[in-house]
Amino acid sequence: MRTLILTNEVLARAGAYFEDCGAHGNEGTAMIKDGPSGMALVVPDQVPRRGPLGVSVEVTRKGQMDLALAVEADELYVARIHSHPYQAFHSPADDANPALTYEGALSIVVPFFGLGLRRGLDACAVLRREGDRWRDLPVGARDRWVRTE
């Protein structure tokens with residue numbers, strides 16, 4: 001697998017979306033696709049949830065269709081990116097509900113309802129799919145797999 005170069009434009013769009021969700025006390029989720037036409041952020045229709053155990057977000061049936069229709073035959077979803085209210089880590093819910101399951105897929109968790117992206121990718125948790133599990137890619141050991149432009 002080649003090193004994924006995340007564009008500043010995609011990260012800025014993700015940060016703005018997550019901060020908007022966070023302004024309402026909600027998490028957000030999106031996918032990053034890549035292909036010959038370039039990289040893009042795809043934000044599916046979703047419903048935020050708040051309860052006694054915390055916050056979450058559910059991609060609706062329409063959102064699932066949004067995702068299916070947004071990727072062209074020569075494109076691939078290379079990463080899921082989503083926000084958490086506090087620290088950046090893969091929760092048990094993230095592990096149980098992976099949006100991507102192929103070897104080498106990435107999962108990016110943005111802390112503080114998206115504000116973490118203001119500090120760049122180093123403020124985020126980045127995980128890589130290996131076999132049937134997610135492996136954390138610590139800052140300083142990520143460059144083989146993912147970088148920003």
# chains A, B, ... in the order shown; residues from 1 in each chain; ligands from 1
$ select_by_dssp --residues "region 19-139 of chain A" --states "helix (DSSP H, G or I)" --output "JSON, numbers by chain"
{"A": [19, 20, 21, 22, 61, 62, 63, 64, 65, 66, 67, 68, 69, 70, 92, 93, 94, 95, 96, 112, 113, 114, 115, 116, 117, 118, 119, 121, 122, 123]}
$ residues_around --residues "region 122-135 of chain A" --least-positions-apart "2" --cutoff "8 Å" --atoms "only C-alpha atoms" --output "list in words"
Ala88, Phe89, His90, Asp95, Thr101, Tyr102, Glu103, Gly104, Ala105, Leu106, Ser107, Ile108, Val109, Val110, Pro111, Gly116, Leu117, Arg119, Gly120, Leu137, Pro138 and Val139 of chain A
$ write_last_selection --atoms "all heavy atoms" --output "compact mmCIF listing (two decimals), in the first residue's frame"
# COMPACT_ATOMS: atom_id res chain seq x y z
N ALA A 88 -8.89 11.45 21.75
CA ALA A 88 -8.93 10.71 20.48
C ALA A 88 -8.48 9.28 20.75
O ALA A 88 -7.33 9.04 21.12
CB ALA A 88 -8.01 11.37 19.46
N PHE A 89 -9.38 8.34 20.61
CA PHE A 89 -9.08 6.92 20.77
C PHE A 89 -10.17 6.13 20.05
O PHE A 89 -11.22 6.67 19.73
CB PHE A 89 -9.04 6.53 22.26
CG PHE A 89 -10.38 6.64 22.94
CD1 PHE A 89 -11.21 5.53 23.07
CD2 PHE A 89 -10.82 7.86 23.43
CE1 PHE A 89 -12.45 5.64 23.69
CE2 PHE A 89 -12.05 7.98 24.05
CZ PHE A 89 -12.87 6.87 24.18
N HIS A 90 -9.89 4.87 19.80
CA HIS A 90 -10.89 4.00 19.18
C HIS A 90 -11.70 3.38 20.31
O HIS A 90 -11.18 2.61 21.11
CB HIS A 90 -10.20 2.92 18.35
CG HIS A 90 -10.71 2.81 16.97
ND1 HIS A 90 -11.21 1.65 16.45
CD2 HIS A 90 -10.81 3.73 15.98
CE1 HIS A 90 -11.59 1.86 15.19
NE2 HIS A 90 -11.34 3.11 14.89
N ASP A 95 -14.65 -0.10 17.30
CA ASP A 95 -14.12 -1.42 16.94
C ASP A 95 -15.23 -2.35 16.46
O ASP A 95 -15.03 -3.14 15.54
CB ASP A 95 -13.41 -2.06 18.13
CG ASP A 95 -12.10 -1.37 18.47
OD1 ASP A 95 -11.51 -0.72 17.59
OD2 ASP A 95 -11.67 -1.49 19.63
N THR A 101 -13.25 -2.39 6.32
CA THR A 101 -12.70 -3.62 6.89
C THR A 101 -11.57 -4.22 6.07
O THR A 101 -11.09 -5.30 6.38
CB THR A 101 -13.81 -4.68 7.05
OG1 THR A 101 -14.41 -4.93 5.77
CG2 THR A 101 -14.87 -4.23 8.04
N TYR A 102 -11.12 -3.52 5.03
CA TYR A 102 -10.05 -4.09 4.22
C TYR A 102 -8.68 -3.77 4.82
O TYR A 102 -8.51 -2.79 5.54
CB TYR A 102 -10.14 -3.63 2.76
CG TYR A 102 -9.84 -2.17 2.52
CD1 TYR A 102 -8.54 -1.73 2.31
CD2 TYR A 102 -10.87 -1.23 2.48
CE1 TYR A 102 -8.26 -0.40 2.08
CE2 TYR A 102 -10.60 0.10 2.24
CZ TYR A 102 -9.29 0.52 2.05
OH TYR A 102 -9.02 1.84 1.83
N GLU A 103 -7.74 -4.64 4.54
CA GLU A 103 -6.36 -4.48 5.03
C GLU A 103 -5.79 -3.15 4.57
O GLU A 103 -5.82 -2.82 3.38
CB GLU A 103 -5.51 -5.63 4.48
CG GLU A 103 -4.10 -5.66 4.99
CD GLU A 103 -3.95 -6.36 6.33
OE1 GLU A 103 -4.89 -7.05 6.77
OE2 GLU A 103 -2.89 -6.20 6.95
N GLY A 104 -5.31 -2.35 5.52
CA GLY A 104 -4.69 -1.07 5.21
C GLY A 104 -5.62 0.13 5.30
O GLY A 104 -5.16 1.27 5.18
N ALA A 105 -6.91 -0.10 5.50
CA ALA A 105 -7.84 1.03 5.66
C ALA A 105 -7.46 1.82 6.91
O ALA A 105 -6.89 1.27 7.86
CB ALA A 105 -9.27 0.52 5.77
N LEU A 106 -7.79 3.10 6.91
CA LEU A 106 -7.47 3.95 8.05
C LEU A 106 -8.72 4.42 8.78
O LEU A 106 -9.78 4.59 8.18
CB LEU A 106 -6.67 5.17 7.59
CG LEU A 106 -5.31 4.89 6.97
CD1 LEU A 106 -4.67 6.19 6.50
CD2 LEU A 106 -4.39 4.17 7.94
N SER A 107 -8.57 4.62 10.07
CA SER A 107 -9.61 5.21 10.90
C SER A 107 -8.97 6.36 11.66
O SER A 107 -7.96 6.17 12.34
CB SER A 107 -10.17 4.16 11.88
OG SER A 107 -11.19 4.74 12.68
N ILE A 108 -9.55 7.55 11.52
CA ILE A 108 -9.01 8.74 12.15
C ILE A 108 -10.04 9.26 13.14
O ILE A 108 -11.21 9.45 12.79
CB ILE A 108 -8.70 9.83 11.09
CG1 ILE A 108 -7.72 9.28 10.06
CG2 ILE A 108 -8.18 11.10 11.76
CD1 ILE A 108 -7.59 10.14 8.81
N VAL A 109 -9.60 9.47 14.39
CA VAL A 109 -10.49 9.97 15.43
C VAL A 109 -10.01 11.36 15.84
O VAL A 109 -8.87 11.52 16.28
CB VAL A 109 -10.52 9.03 16.65
CG1 VAL A 109 -11.57 9.51 17.65
CG2 VAL A 109 -10.79 7.59 16.23
N VAL A 110 -10.88 12.34 15.68
CA VAL A 110 -10.56 13.73 15.97
C VAL A 110 -11.08 14.10 17.35
O VAL A 110 -12.28 13.93 17.61
CB VAL A 110 -11.19 14.66 14.89
CG1 VAL A 110 -10.80 16.10 15.15
CG2 VAL A 110 -10.78 14.21 13.50
N PRO A 111 -10.22 14.59 18.24
CA PRO A 111 -10.68 14.90 19.60
C PRO A 111 -11.42 16.24 19.69
O PRO A 111 -11.37 17.06 18.79
CB PRO A 111 -9.38 14.95 20.39
CG PRO A 111 -8.37 15.45 19.41
CD PRO A 111 -8.78 14.84 18.09
N GLY A 116 -9.60 19.40 17.60
CA GLY A 116 -8.27 18.81 17.52
C GLY A 116 -7.62 18.97 16.16
O GLY A 116 -6.40 19.07 16.06
N LEU A 117 -8.41 19.01 15.11
CA LEU A 117 -7.83 19.15 13.77
C LEU A 117 -7.16 20.50 13.57
O LEU A 117 -6.34 20.65 12.68
CB LEU A 117 -8.89 18.92 12.69
CG LEU A 117 -9.00 17.50 12.17
CD1 LEU A 117 -10.10 17.37 11.14
CD2 LEU A 117 -7.69 16.97 11.63
N ARG A 119 -4.95 21.52 15.31
CA ARG A 119 -3.54 21.23 15.63
C ARG A 119 -2.96 20.23 14.65
O ARG A 119 -1.83 19.80 14.81
CB ARG A 119 -3.44 20.71 17.05
CG ARG A 119 -3.98 21.76 18.02
CD ARG A 119 -3.40 21.69 19.35
NE ARG A 119 -1.97 21.49 19.28
CZ ARG A 119 -1.19 21.49 20.32
NH1 ARG A 119 -1.69 21.70 21.49
NH2 ARG A 119 0.09 21.28 20.21
N GLY A 120 -3.73 19.81 13.68
CA GLY A 120 -3.25 18.89 12.66
C GLY A 120 -3.49 17.44 13.03
O GLY A 120 -4.04 17.10 14.07
N LEU A 137 -1.49 3.81 15.17
CA LEU A 137 -0.27 4.32 14.55
C LEU A 137 0.15 5.56 15.33
O LEU A 137 -0.40 6.64 15.13
CB LEU A 137 -0.51 4.68 13.08
CG LEU A 137 -0.94 3.55 12.15
CD1 LEU A 137 -1.22 4.11 10.76
CD2 LEU A 137 0.12 2.47 12.09
N PRO A 138 1.10 5.42 16.24
CA PRO A 138 1.49 6.57 17.06
C PRO A 138 2.18 7.65 16.24
O PRO A 138 2.76 7.38 15.19
CB PRO A 138 2.45 5.98 18.10
CG PRO A 138 2.65 4.55 17.75
CD PRO A 138 1.81 4.21 16.57
N VAL A 139 2.08 8.87 16.74
CA VAL A 139 2.77 9.99 16.10
C VAL A 139 4.24 9.63 16.00
O VAL A 139 4.83 9.08 16.92
CB VAL A 139 2.58 11.28 16.93
CG1 VAL A 139 3.39 12.43 16.35
CG2 VAL A 139 1.11 11.65 17.01
$ closest_residue --among "A:Val43, A:Ala68, A:Gly54, A:Pro48" --to "Arg80 (chain A)" --atoms "only C-alpha atoms"
A:Val43
$ closest_atom_pairs --of "region 32-131 of chain A" --to "region 16-27 of chain A" --cutoff "6 Å" --atoms "only C-alpha atoms" --output "Markdown table"
| residue | atom | partner | partner_atom | distance |
| --- | --- | --- | --- | --- |
| A:Pro48 | CA | A:Asn26 | CA | 6.0 |
| A:Ser83 | CA | A:Glu27 | CA | 5.3 |
| A:His84 | CA | A:Glu27 | CA | 5.8 |
| A:Phe113 | CA | A:Gly22 | CA | 4.6 |
| A:Gly114 | CA | A:Phe18 | CA | 4.6 |
$ write_last_selection --atoms "all heavy atoms" --output "compact mmCIF listing (two decimals), in the first residue's frame"
# COMPACT_ATOMS: atom_id res chain seq x y z
N PRO A 48 -27.39 12.34 15.17
CA PRO A 48 -26.63 12.33 16.42
C PRO A 48 -27.49 11.78 17.56
O PRO A 48 -28.71 11.95 17.56
CB PRO A 48 -26.28 13.80 16.64
CG PRO A 48 -27.35 14.55 15.94
CD PRO A 48 -27.78 13.69 14.77
N SER A 83 -15.41 12.34 14.91
CA SER A 83 -15.03 13.11 16.10
C SER A 83 -15.50 12.44 17.37
O SER A 83 -16.45 11.67 17.37
CB SER A 83 -15.62 14.52 16.01
OG SER A 83 -17.03 14.49 15.95
N HIS A 84 -14.77 12.74 18.44
CA HIS A 84 -15.14 12.34 19.80
C HIS A 84 -15.23 13.60 20.65
O HIS A 84 -14.57 14.61 20.33
CB HIS A 84 -14.09 11.40 20.39
CG HIS A 84 -14.26 9.97 20.00
ND1 HIS A 84 -13.60 8.96 20.64
CD2 HIS A 84 -15.01 9.37 19.04
CE1 HIS A 84 -13.93 7.79 20.10
NE2 HIS A 84 -14.78 8.02 19.12
N PHE A 113 -14.57 17.32 19.74
CA PHE A 113 -15.62 17.69 18.79
C PHE A 113 -15.06 18.39 17.56
O PHE A 113 -15.64 19.32 17.03
CB PHE A 113 -16.67 18.59 19.46
CG PHE A 113 -17.58 17.87 20.41
CD1 PHE A 113 -17.72 18.33 21.71
CD2 PHE A 113 -18.31 16.77 20.02
CE1 PHE A 113 -18.58 17.69 22.60
CE2 PHE A 113 -19.17 16.12 20.90
CZ PHE A 113 -19.30 16.59 22.20
N GLY A 114 -13.90 17.95 17.09
CA GLY A 114 -13.32 18.47 15.86
C GLY A 114 -12.26 19.53 16.06
O GLY A 114 -11.48 19.80 15.16
$ select_by_dssp --residues "chain A" --states "strand (DSSP E)" --output "number ranges by chain"
A: 4-6, 29-34, 40-42, 46-51, 54-59, 76-83, 106-110, 125-130, 133-136, 146-148
$ closest_residue --among "A:Val78, A:Ala96, A:Leu115, A:Ile32" --to "Trp145 (chain A)" --atoms "only C-alpha atoms"
A:Val78
$ atom_distance --atom1 "CA of Ser91 (chain A)" --atom2 "CA of Asp34 (chain A)"
25.6 Å
$ residues_around --residues "Gln46 (chain A)" --least-positions-apart "3" --cutoff "7 Å" --atoms "only C-alpha atoms" --output "VMD selection string"
chain A and resid 57 to 60 63
$ closest_residue --among "A:Pro85, A:Pro92, A:Pro98, A:Gly38" --to "Glu9 (chain A)" --atoms "only C-alpha atoms"
A:Gly38
$ residues_around --residues "Leu6 (chain A)" --least-positions-apart "6" --cutoff "10 Å" --atoms "only C-alpha atoms" --output "PyMOL selection string"
chain A and resi 32+34+39-40+78-79+121+146-149
$ write_last_selection --atoms "N, CA and C atoms" --output "PDB file, in the first residue's frame"
ATOM      1  N   ILE A  32     -13.382   9.463   3.695  1.00  0.00           N
ATOM      2  CA  ILE A  32     -12.469  10.104   2.754  1.00  0.00           C
ATOM      3  C   ILE A  32     -12.270   9.141   1.594  1.00  0.00           C
ATOM      4  N   ASP A  34     -10.582   8.497  -2.388  1.00  0.00           N
ATOM      5  CA  ASP A  34      -9.449   8.911  -3.204  1.00  0.00           C
ATOM      6  C   ASP A  34      -9.503   8.152  -4.527  1.00  0.00           C
ATOM      7  N   MET A  39      -8.870  13.589  -4.042  1.00  0.00           N
ATOM      8  CA  MET A  39      -9.381  13.192  -2.734  1.00  0.00           C
ATOM      9  C   MET A  39     -10.580  14.062  -2.373  1.00  0.00           C
ATOM     10  N   ALA A  40     -11.554  13.467  -1.665  1.00  0.00           N
ATOM     11  CA  ALA A  40     -12.735  14.226  -1.260  1.00  0.00           C
ATOM     12  C   ALA A  40     -13.289  13.675   0.048  1.00  0.00           C
ATOM     13  N   VAL A  78     -10.676   5.451   1.574  1.00  0.00           N
ATOM     14  CA  VAL A  78      -9.375   5.148   2.168  1.00  0.00           C
ATOM     15  C   VAL A  78      -9.366   5.339   3.675  1.00  0.00           C
ATOM     16  N   ALA A  79     -10.330   6.111   4.200  1.00  0.00           N
ATOM     17  CA  ALA A  79     -10.355   6.360   5.644  1.00  0.00           C
ATOM     18  C   ALA A  79     -11.746   6.758   6.102  1.00  0.00           C
ATOM     19  N   LEU A 121      -3.041  16.576  12.149  1.00  0.00           N
ATOM     20  CA  LEU A 121      -3.265  15.145  12.294  1.00  0.00           C
ATOM     21  C   LEU A 121      -2.588  14.569  13.539  1.00  0.00           C
ATOM     22  N   VAL A 146       0.554   7.312   6.424  1.00  0.00           N
ATOM     23  CA  VAL A 146      -0.255   8.497   6.193  1.00  0.00           C
ATOM     24  C   VAL A 146       0.505   9.758   6.556  1.00  0.00           C
ATOM     25  N   ARG A 147       0.333  10.787   5.710  1.00  0.00           N
ATOM     26  CA  ARG A 147       0.909  12.109   5.953  1.00  0.00           C
ATOM     27  C   ARG A 147      -0.053  13.164   5.453  1.00  0.00           C
ATOM     28  N   THR A 148       0.222  14.404   5.802  1.00  0.00           N
ATOM     29  CA  THR A 148      -0.555  15.512   5.247  1.00  0.00           C
ATOM     30  C   THR A 148       0.325  16.249   4.248  1.00  0.00           C
ATOM     31  N   GLU A 149      -0.321  16.947   3.315  1.00  0.00           N
ATOM     32  CA  GLU A 149       0.460  17.668   2.294  1.00  0.00           C
ATOM     33  C   GLU A 149       1.072  18.922   2.860  1.00  0.00           C
TER      34      GLU A 149
END
$ atom_distance --atom1 "CA of Asp45 (chain A)" --atom2 "CA of Thr7 (chain A)"
22.9 Å
$ closest_residue --among "A:Gln64, A:Ala93, A:Phe112, A:Ala73" --to "Gly35 (chain A)" --atoms "only C-alpha atoms"
A:Ala73
$ decode --residues "region 23-104 of chain A" --atoms "C-alpha atoms" --output "PDB file, in the first residue's frame"
ATOM      1  CA  ALA A  23     -21.179  23.316  18.640  1.00  0.00           C
ATOM      2  CA  HIS A  24     -24.423  21.395  19.205  1.00  0.00           C
ATOM      3  CA  GLY A  25     -22.791  18.838  21.512  1.00  0.00           C
ATOM      4  CA  ASN A  26     -22.712  16.139  18.830  1.00  0.00           C
ATOM      5  CA  GLU A  27     -20.178  13.852  17.235  1.00  0.00           C
ATOM      6  CA  GLY A  28     -19.894  13.580  13.474  1.00  0.00           C
ATOM      7  CA  THR A  29     -18.630  11.016  10.996  1.00  0.00           C
ATOM      8  CA  ALA A  30     -17.448  11.108   7.387  1.00  0.00           C
ATOM      9  CA  MET A  31     -15.468   9.118   4.857  1.00  0.00           C
ATOM     10  CA  ILE A  32     -12.469  10.104   2.754  1.00  0.00           C
ATOM     11  CA  LYS A  33     -12.375   8.809  -0.803  1.00  0.00           C
ATOM     12  CA  ASP A  34      -9.449   8.911  -3.204  1.00  0.00           C
ATOM     13  CA  GLY A  35      -8.963   8.191  -6.872  1.00  0.00           C
ATOM     14  CA  PRO A  36      -7.727   9.611 -10.163  1.00  0.00           C
ATOM     15  CA  SER A  37      -9.963  12.682  -9.766  1.00  0.00           C
ATOM     16  CA  GLY A  38      -8.464  13.473  -6.372  1.00  0.00           C
ATOM     17  CA  MET A  39      -9.381  13.192  -2.734  1.00  0.00           C
ATOM     18  CA  ALA A  40     -12.735  14.226  -1.260  1.00  0.00           C
ATOM     19  CA  LEU A  41     -14.626  14.194   2.010  1.00  0.00           C
ATOM     20  CA  VAL A  42     -18.027  12.508   1.896  1.00  0.00           C
ATOM     21  CA  VAL A  43     -20.412  13.384   4.732  1.00  0.00           C
ATOM     22  CA  PRO A  44     -23.361  10.988   4.817  1.00  0.00           C
ATOM     23  CA  ASP A  45     -26.777  11.740   6.275  1.00  0.00           C
ATOM     24  CA  GLN A  46     -26.545  10.960   9.993  1.00  0.00           C
ATOM     25  CA  VAL A  47     -28.445  11.265  13.245  1.00  0.00           C
ATOM     26  CA  PRO A  48     -26.632  12.327  16.415  1.00  0.00           C
ATOM     27  CA  ARG A  49     -27.512  10.570  19.662  1.00  0.00           C
ATOM     28  CA  ARG A  50     -27.074  11.811  23.216  1.00  0.00           C
ATOM     29  CA  GLY A  51     -27.789   9.696  26.253  1.00  0.00           C
ATOM     30  CA  PRO A  52     -26.644   8.789  29.742  1.00  0.00           C
ATOM     31  CA  LEU A  53     -23.680   6.825  28.371  1.00  0.00           C
ATOM     32  CA  GLY A  54     -22.468   9.676  26.152  1.00  0.00           C
ATOM     33  CA  VAL A  55     -22.810  10.692  22.546  1.00  0.00           C
ATOM     34  CA  SER A  56     -22.775   8.790  19.288  1.00  0.00           C
ATOM     35  CA  VAL A  57     -23.831   9.170  15.691  1.00  0.00           C
ATOM     36  CA  GLU A  58     -25.735   6.817  13.427  1.00  0.00           C
ATOM     37  CA  VAL A  59     -25.505   6.863   9.644  1.00  0.00           C
ATOM     38  CA  THR A  60     -29.060   6.623   8.353  1.00  0.00           C
ATOM     39  CA  ARG A  61     -30.232   4.353   5.527  1.00  0.00           C
ATOM     40  CA  LYS A  62     -30.170   7.452   3.284  1.00  0.00           C
ATOM     41  CA  GLY A  63     -26.603   8.103   4.485  1.00  0.00           C
ATOM     42  CA  GLN A  64     -25.607   4.569   3.542  1.00  0.00           C
ATOM     43  CA  MET A  65     -26.968   5.234   0.059  1.00  0.00           C
ATOM     44  CA  ASP A  66     -25.141   8.592  -0.011  1.00  0.00           C
ATOM     45  CA  LEU A  67     -21.888   6.725   0.622  1.00  0.00           C
ATOM     46  CA  ALA A  68     -22.614   4.022  -1.955  1.00  0.00           C
ATOM     47  CA  LEU A  69     -23.438   6.556  -4.664  1.00  0.00           C
ATOM     48  CA  ALA A  70     -20.579   8.961  -3.897  1.00  0.00           C
ATOM     49  CA  VAL A  71     -17.760   6.602  -4.843  1.00  0.00           C
ATOM     50  CA  GLU A  72     -16.987   6.021  -8.516  1.00  0.00           C
ATOM     51  CA  ALA A  73     -15.729   2.735  -9.962  1.00  0.00           C
ATOM     52  CA  ASP A  74     -12.111   3.959  -9.931  1.00  0.00           C
ATOM     53  CA  GLU A  75     -12.287   5.410  -6.392  1.00  0.00           C
ATOM     54  CA  LEU A  76     -11.869   3.867  -2.963  1.00  0.00           C
ATOM     55  CA  TYR A  77     -12.793   4.926   0.536  1.00  0.00           C
ATOM     56  CA  VAL A  78      -9.375   5.148   2.168  1.00  0.00           C
ATOM     57  CA  ALA A  79     -10.355   6.360   5.644  1.00  0.00           C
ATOM     58  CA  ARG A  80     -13.182   6.913   8.032  1.00  0.00           C
ATOM     59  CA  ILE A  81     -12.828  10.123  10.013  1.00  0.00           C
ATOM     60  CA  HIS A  82     -15.001  10.951  13.000  1.00  0.00           C
ATOM     61  CA  SER A  83     -15.032  13.112  16.096  1.00  0.00           C
ATOM     62  CA  HIS A  84     -15.142  12.342  19.797  1.00  0.00           C
ATOM     63  CA  PRO A  85     -16.101  14.751  22.573  1.00  0.00           C
ATOM     64  CA  TYR A  86     -12.817  14.431  24.444  1.00  0.00           C
ATOM     65  CA  GLN A  87      -9.711  12.334  23.798  1.00  0.00           C
ATOM     66  CA  ALA A  88      -8.927  10.712  20.481  1.00  0.00           C
ATOM     67  CA  PHE A  89      -9.082   6.916  20.772  1.00  0.00           C
ATOM     68  CA  HIS A  90     -10.891   4.004  19.184  1.00  0.00           C
ATOM     69  CA  SER A  91     -13.858   3.184  21.379  1.00  0.00           C
ATOM     70  CA  PRO A  92     -15.359  -0.298  21.698  1.00  0.00           C
ATOM     71  CA  ALA A  93     -18.236   0.963  19.517  1.00  0.00           C
ATOM     72  CA  ASP A  94     -15.710   2.045  16.849  1.00  0.00           C
ATOM     73  CA  ASP A  95     -14.125  -1.416  16.943  1.00  0.00           C
ATOM     74  CA  ALA A  96     -17.506  -3.168  16.780  1.00  0.00           C
ATOM     75  CA  ASN A  97     -18.799  -1.046  13.883  1.00  0.00           C
ATOM     76  CA  PRO A  98     -15.957  -0.540  11.430  1.00  0.00           C
ATOM     77  CA  ALA A  99     -16.927   1.431   8.343  1.00  0.00           C
ATOM     78  CA  LEU A 100     -13.977  -0.096   6.460  1.00  0.00           C
ATOM     79  CA  THR A 101     -12.702  -3.624   6.890  1.00  0.00           C
ATOM     80  CA  TYR A 102     -10.054  -4.095   4.216  1.00  0.00           C
ATOM     81  CA  GLU A 103      -6.360  -4.485   5.027  1.00  0.00           C
ATOM     82  CA  GLY A 104      -4.690  -1.071   5.207  1.00  0.00           C
TER      83      GLY A 104
END
